[in-house]
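Student: The structure that follows is given in the form of structure tokens.
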Amino acid sequence: MDPQVDLQQRAESNAAEPADPPPRMTRQQTLTLISMASVNFSSMICYSILGPFFPNEAVKKGASQTVVGLIFGCYAVCNLIGSLILGKYIVQIGAKFMLVTGLFVSSGCTILFGLLDRAPSGPAFITLCFVVRSIDAVGFAGAMTSSFSLTAKIFPNNVATVLGSLEIFTGLGLILGPPVGGWFYQSFGYEVPFMLLGCLLLIMVPFNIYILPTIDADPSKDSFFRLLTHVKILLICYVIFTLSAGLGFLDATLSLHAIEKFNLSAGYVGLIMLGLSLPYCLGSPLMGYFTDKYPATRSWFMVTGGIATAFGFFLLGPVPFLHIPSQLWLLVLMLGVIGFSLGMTAIPTFPEIITCAYEEGFEEGLSTLGMVSGLFGAVWSMGMFYGPIVGGLITQHLSFEWAAAIQGGLAFLAAFLLAVYYAYQGTQKQRLPEDRTRQNDESTPLLNE
């Protein structure tokens, strides 16, 4: 029989067969997704309850606005150190053990933080805030570093999609934390919000011990310093820094600004913060799916998102030289712009760093993913340290409007530098085929007549 006819018949029979359904998630993937969702939700709701009422409570206890910024900032410093160390040794410690222990430590510190109103005003209260907040940060670093690493390990081909979907639960935690915390604070006082949410986080410990899979891996000899030798990774890290700095700035200053400017209660401040977290929560899954399906769009998502973030911060105050009066509706609208643009910019950064690391020869495995997760967490924490402290200082000595404008300037600079880099890379890729063609033409021997 003619082989060509045979191949044609096989092709026709294959075309007639229905396409195979898309592969369903394995049991390990399903359990990991449930675990990561619970971690993201419970951790973020405990983290976000401070915004509406703690700055005002701390001022009553004798802390200045700068000290309030330092309390927020010390969390970021300890998170930075914890992310780097735990990310480097995630294989030796064990990803599951690191996550569960981090949750346990963070839950205990949340409950302890609720008892700090009983401490004497002044240095004693401020010192205990620093101590409890710092230990909480290390626990949070362990939980988040292992969470990112496990997600990337178990979903290697859909990192952005899964992270974007998990950000729904991160967003829900950020959405529910401020209004729930503000409402419980108004109704029952300082202690109740921390007690309830600390117990919620504690329940997540046995839950994750039961459902989270154990992953074995070999340690890698690569280091963070090798990651940071690449310009693209450095620029993406600066983008991450500007995003977290903006969020840290809002955590430390937005509630006081809204209370003083618009005479709002802590409960209403929590509702205003919905304008930031709700668009982020709704937009992140879409961004993750799109950037996974079309990886080439990640760069321009980051650039466009950075420009939109800058625009949001410029009009958040608004910046004084525009002479636009400050209005509540404009504040909420710009928080929405910042929240949505945050999803555009932040979601592609993690898979983009992983792709760059693999292109540069890093081993594909949990060890590299741990380092990338640790680097991401460390840079994010640097921004969370810078934002509250520097933002608090600028707000105290100038105004909230100028501090927000400076945050917008940082975001615009990050977007501009990244756009220049990708434009330069594009021209280099276009030149390579031309150079190869010239070399081939020059190496072709002349024919002798």
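For the structure tokens, the naming scheme is as follows: chains receive sequential letters (A, B, ...) according to their order of presentation, residues are indexed from 1 within each chain, and ligands are indexed from 1 in presentation order.
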Using only C-alpha atoms, what table do you get, as JSON lines, when you list each residue of segment 228-274 of chain A with an atom no more than 12 Å from segment 390-405 of chain A, its nearest pair of atoms, and their distance in Å rounded to one decimal, rows by chain then rising number?
Tutor:
{"residue": "A:Ala245", "atom": "CA", "partner": "A:Gly391", "partner_atom": "CA", "distance": 8.7}
{"residue": "A:Gly246", "atom": "CA", "partner": "A:Ala404", "partner_atom": "CA", "distance": 8.1}
{"residue": "A:Leu247", "atom": "CA", "partner": "A:Gly391", "partner_atom": "CA", "distance": 10.4}
{"residue": "A:Gly248", "atom": "CA", "partner": "A:Gly391", "partner_atom": "CA", "distance": 8.4}
{"residue": "A:Phe249", "atom": "CA", "partner": "A:Gly391", "partner_atom": "CA", "distance": 5.3}
{"residue": "A:Leu250", "atom": "CA", "partner": "A:Gly391", "partner_atom": "CA", "distance": 8.5}
{"residue": "A:Asp251", "atom": "CA", "partner": "A:Gly391", "partner_atom": "CA", "distance": 10.1}
{"residue": "A:Ala252", "atom": "CA", "partner": "A:Gly392", "partner_atom": "CA", "distance": 6.9}
{"residue": "A:Thr253", "atom": "CA", "partner": "A:Gly392", "partner_atom": "CA", "distance": 6.6}
{"residue": "A:Leu254", "atom": "CA", "partner": "A:Phe400", "partner_atom": "CA", "distance": 8.3}
{"residue": "A:Ser255", "atom": "CA", "partner": "A:Phe400", "partner_atom": "CA", "distance": 11.0}
{"residue": "A:Leu256", "atom": "CA", "partner": "A:Phe400", "partner_atom": "CA", "distance": 9.6}
{"residue": "A:His257", "atom": "CA", "partner": "A:Phe400", "partner_atom": "CA", "distance": 7.0}
{"residue": "A:Ala258", "atom": "CA", "partner": "A:Phe400", "partner_atom": "CA", "distance": 10.2}
{"residue": "A:Glu260", "atom": "CA", "partner": "A:Phe400", "partner_atom": "CA", "distance": 11.0}
{"residue": "A:Lys261", "atom": "CA", "partner": "A:Phe400", "partner_atom": "CA", "distance": 10.3}
Student: Which residues of segment 110-171 of chain A sit at most 10 Å from segment 367-371 of chain A, using only C-alpha atoms? Give each one's shortest atom pair and distance in Å (one decimal place), in chain and ascending residue order, as CSV.
Tutor:
residue,atom,partner,partner_atom,distance
A:Thr145,CA,A:Gly370,CA,6.8
A:Ser146,CA,A:Gly370,CA,7.1
A:Ser147,CA,A:Gly370,CA,9.5
A:Phe148,CA,A:Gly370,CA,7.9
A:Ser149,CA,A:Leu369,CA,5.2
A:Leu150,CA,A:Leu369,CA,8.2
A:Thr151,CA,A:Leu369,CA,9.4
A:Ala152,CA,A:Leu369,CA,6.9
A:Lys153,CA,A:Leu369,CA,7.2
Student: Counting only C-alpha atoms, which residues in segment 189-253 of chain A sit no more than 12 Å from segment 173-179 of chain A? For each one, give the nearest pair of atoms and the distance in Å, sorted by chain then residue number, as a tab-separated table.
Tutor:
residue	atom	partner	partner_atom	distance
A:Pro193	CA	A:Gly177	CA	9.2
A:Phe194	CA	A:Gly177	CA	10.6
A:Leu196	CA	A:Gly177	CA	11.5
A:Leu197	CA	A:Gly177	CA	9.0
A:Leu200	CA	A:Gly173	CA	11.9
A:Leu201	CA	A:Gly173	CA	11.7
A:Leu247	CA	A:Leu174	CA	11.5
A:Asp251	CA	A:Pro178	CA	10.4
Student: Could you write those residues out with N, CA and C atoms, as a PDB file, in the first residue's frame?
Tutor:
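Generated output (out13.pdb):
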ATOM      1  N   PRO A 193     -10.735  42.486  67.369  1.00  0.00           N
ATOM      2  CA  PRO A 193     -10.334  42.164  65.992  1.00  0.00           C
ATOM      3  C   PRO A 193      -9.109  41.258  65.922  1.00  0.00           C
ATOM      4  N   PHE A 194      -8.114  41.519  66.748  1.00  0.00           N
ATOM      5  CA  PHE A 194      -6.892  40.719  66.727  1.00  0.00           C
ATOM      6  C   PHE A 194      -7.134  39.314  67.263  1.00  0.00           C
ATOM      7  N   LEU A 196      -9.986  37.508  67.239  1.00  0.00           N
ATOM      8  CA  LEU A 196     -10.765  36.714  66.303  1.00  0.00           C
ATOM      9  C   LEU A 196      -9.943  36.290  65.084  1.00  0.00           C
ATOM     10  N   LEU A 197      -9.237  37.248  64.500  1.00  0.00           N
ATOM     11  CA  LEU A 197      -8.491  36.934  63.286  1.00  0.00           C
ATOM     12  C   LEU A 197      -7.241  36.120  63.585  1.00  0.00           C
ATOM     13  N   LEU A 200      -8.480  32.662  63.723  1.00  0.00           N
ATOM     14  CA  LEU A 200      -8.731  32.184  62.360  1.00  0.00           C
ATOM     15  C   LEU A 200      -7.440  31.688  61.721  1.00  0.00           C
ATOM     16  N   LEU A 201      -6.365  32.443  61.896  1.00  0.00           N
ATOM     17  CA  LEU A 201      -5.071  32.048  61.352  1.00  0.00           C
ATOM     18  C   LEU A 201      -4.567  30.778  62.019  1.00  0.00           C
ATOM     19  N   LEU A 247       1.977  50.852  48.437  1.00  0.00           N
ATOM     20  CA  LEU A 247       1.020  50.235  49.353  1.00  0.00           C
ATOM     21  C   LEU A 247       1.386  50.508  50.806  1.00  0.00           C
ATOM     22  N   ASP A 251      -0.871  52.353  53.663  1.00  0.00           N
ATOM     23  CA  ASP A 251      -1.177  51.705  54.945  1.00  0.00           C
ATOM     24  C   ASP A 251      -0.946  52.647  56.117  1.00  0.00           C
TER      25      ASP A 251
END
Student: Nearest to Val162 of chain A: which of A:Gly288, A:Gly73, A:Gly343, A:Pro325 is it, counting only C-alpha atoms?
Tutor: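 Closest residue, counting only C-alpha atoms: A:Gly288.
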Student: Would you pick out the contacts of segment 297-308 of chain A at 10 Å or less, using only C-alpha atoms, so that residues sharing its chain but fewer than 3 positions from it are not included, and give the list as a ChimeraX atom specification?
Tutor: /A:160,236,239-240,242-243,287-288,290-294,311-314,334,337-349,351-352,408-422
Student: Leaving out Asp117 of chain A and any residue of its chain fewer than 6 positions from it, which residues lie within 8 Å of it when counting only C-alpha atoms, given as a list in words?
Tutor: Phe125, Tyr190 and Glu191 of chain A
Student: Mind the document's chain letters and residue numbers, and return as an MDAnalysis selection string the residues of segment 120-246 of chain A that DSSP labels alpha helix (DSSP H).
Tutor: chainID A and resid 123:154 159:188 191:211 224:227 231:246
Student: In Å, rounded to a single decimal, give me how far atom CA of Met382 of chain A is from atom CA of Gly164 of chain A.
Tutor: 22.5 Å
Student: Restricting the calculation to only C-alpha atoms, which member of A:Leu328, A:Ala296, A:Ile71, A:Gly377 is positioned closest to Gly426 of chain A?
Tutor: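 Under the stated criterion, the closest residue is A:Ala296.
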Student: Find the distance between atom CA of Leu335 of chain A and atom CA of Ile168 of chain A and write it in Å to one decimal.
Tutor: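 Answer for the atom CA of Leu335 of chain A to atom CA of Ile168 of chain A separation: 17.4 Å.
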Student: Write out as a compact mmCIF listing (two decimals) with all heavy atoms, in the first residue's frame each polymer residue whose atoms come within 8 Å of Met204 of chain A, counting only C-alpha atoms; drop sequence neighbours fewer than 2 positions from it.
Tutor:
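Done, and the output landed in result-v4.txt:
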# COMPACT_ATOMS: atom_id res chain seq x y z
N SER A 38 -6.17 29.35 51.30
CA SER A 38 -6.43 29.58 52.72
C SER A 38 -5.32 30.41 53.36
O SER A 38 -5.57 31.28 54.20
CB SER A 38 -6.58 28.25 53.44
OG SER A 38 -5.34 27.55 53.50
N VAL A 39 -4.08 30.15 52.95
CA VAL A 39 -2.94 30.91 53.49
C VAL A 39 -3.03 32.37 53.08
O VAL A 39 -2.87 33.29 53.90
CB VAL A 39 -1.60 30.29 53.02
CG1 VAL A 39 -0.44 31.20 53.36
CG2 VAL A 39 -1.40 28.93 53.66
N SER A 42 -6.19 34.12 54.95
CA SER A 42 -6.05 34.31 56.40
C SER A 42 -4.90 35.23 56.75
O SER A 42 -4.99 36.06 57.66
CB SER A 42 -5.88 32.96 57.09
OG SER A 42 -4.79 32.24 56.55
N LEU A 103 2.72 30.12 59.72
CA LEU A 103 1.33 30.41 60.08
C LEU A 103 1.14 30.41 61.60
O LEU A 103 0.45 31.26 62.16
CB LEU A 103 0.40 29.38 59.45
CG LEU A 103 0.12 29.50 57.95
CD1 LEU A 103 -0.76 28.35 57.49
CD2 LEU A 103 -0.55 30.83 57.62
N LEU A 200 -8.48 32.66 63.72
CA LEU A 200 -8.73 32.18 62.36
C LEU A 200 -7.44 31.69 61.72
O LEU A 200 -7.39 30.62 61.08
CB LEU A 200 -9.34 33.31 61.52
CG LEU A 200 -9.49 33.03 60.01
CD1 LEU A 200 -10.51 31.91 59.78
CD2 LEU A 200 -9.90 34.29 59.26
N LEU A 201 -6.37 32.44 61.90
CA LEU A 201 -5.07 32.05 61.35
C LEU A 201 -4.57 30.78 62.02
O LEU A 201 -3.95 29.92 61.37
CB LEU A 201 -4.07 33.19 61.55
CG LEU A 201 -2.80 33.19 60.68
CD1 LEU A 201 -3.17 33.22 59.21
CD2 LEU A 201 -1.93 34.37 61.03
N LEU A 202 -4.83 30.64 63.30
CA LEU A 202 -4.40 29.45 64.03
C LEU A 202 -5.11 28.19 63.53
O LEU A 202 -4.52 27.11 63.47
CB LEU A 202 -4.66 29.64 65.53
CG LEU A 202 -4.05 28.61 66.49
CD1 LEU A 202 -2.53 28.60 66.37
CD2 LEU A 202 -4.48 28.90 67.92
N PRO A 206 -3.56 23.33 61.55
CA PRO A 206 -3.87 21.91 61.34
C PRO A 206 -4.49 21.62 59.98
O PRO A 206 -4.27 20.54 59.41
CB PRO A 206 -4.85 21.60 62.48
CG PRO A 206 -5.42 22.90 62.90
CD PRO A 206 -4.33 23.90 62.67
N PHE A 207 -5.25 22.58 59.45
CA PHE A 207 -5.85 22.40 58.13
C PHE A 207 -4.78 22.19 57.07
O PHE A 207 -4.86 21.27 56.24
CB PHE A 207 -6.71 23.63 57.80
CG PHE A 207 -7.30 23.62 56.42
CD1 PHE A 207 -8.34 22.76 56.10
CD2 PHE A 207 -6.84 24.49 55.44
CE1 PHE A 207 -8.89 22.75 54.83
CE2 PHE A 207 -7.38 24.48 54.17
CZ PHE A 207 -8.41 23.60 53.86
N ASN A 208 -3.72 23.01 57.10
CA ASN A 208 -2.66 22.88 56.10
C ASN A 208 -1.73 21.71 56.38
O ASN A 208 -1.14 21.15 55.45
CB ASN A 208 -1.85 24.18 56.04
CG ASN A 208 -2.57 25.27 55.25
OD1 ASN A 208 -2.55 25.27 54.03
ND2 ASN A 208 -3.22 26.18 55.95
Student: Which of these, A:Leu331, A:Ala143, A:Cys109, A:Ala37, has the shortest distance to Gly374 of chain A once you count only C-alpha atoms?
Tutor: A:Ala143
Student: A:Gly189, A:Gly283, A:Pro320, A:Gly181: which is nearest Val269 of chain A, counting only C-alpha atoms?
Tutor: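 Counting only C-alpha atoms, the residue closest to Val269 of chain A is A:Gly181.
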Student: For atom CA of Cys199 of chain A and atom CA of Val180 of chain A, determine how far apart the two atoms are, in Å to one decimal place.
Tutor: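 So the answer is 14.8 Å.
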Student: Could you check which of A:Leu316, A:Thr30, A:Ile81, A:His230 is closest to Phe155 of chain A, using only C-alpha atoms?
Tutor: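 Closest to Phe155 of chain A of all the choices is A:Thr30.
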Student: So, with only C-alpha atoms as the atoms that count, which of A:Gly122, A:Pro285, A:Gly69, A:Gly365 lies closest to Phe169 of chain A?
Tutor: A:Pro285
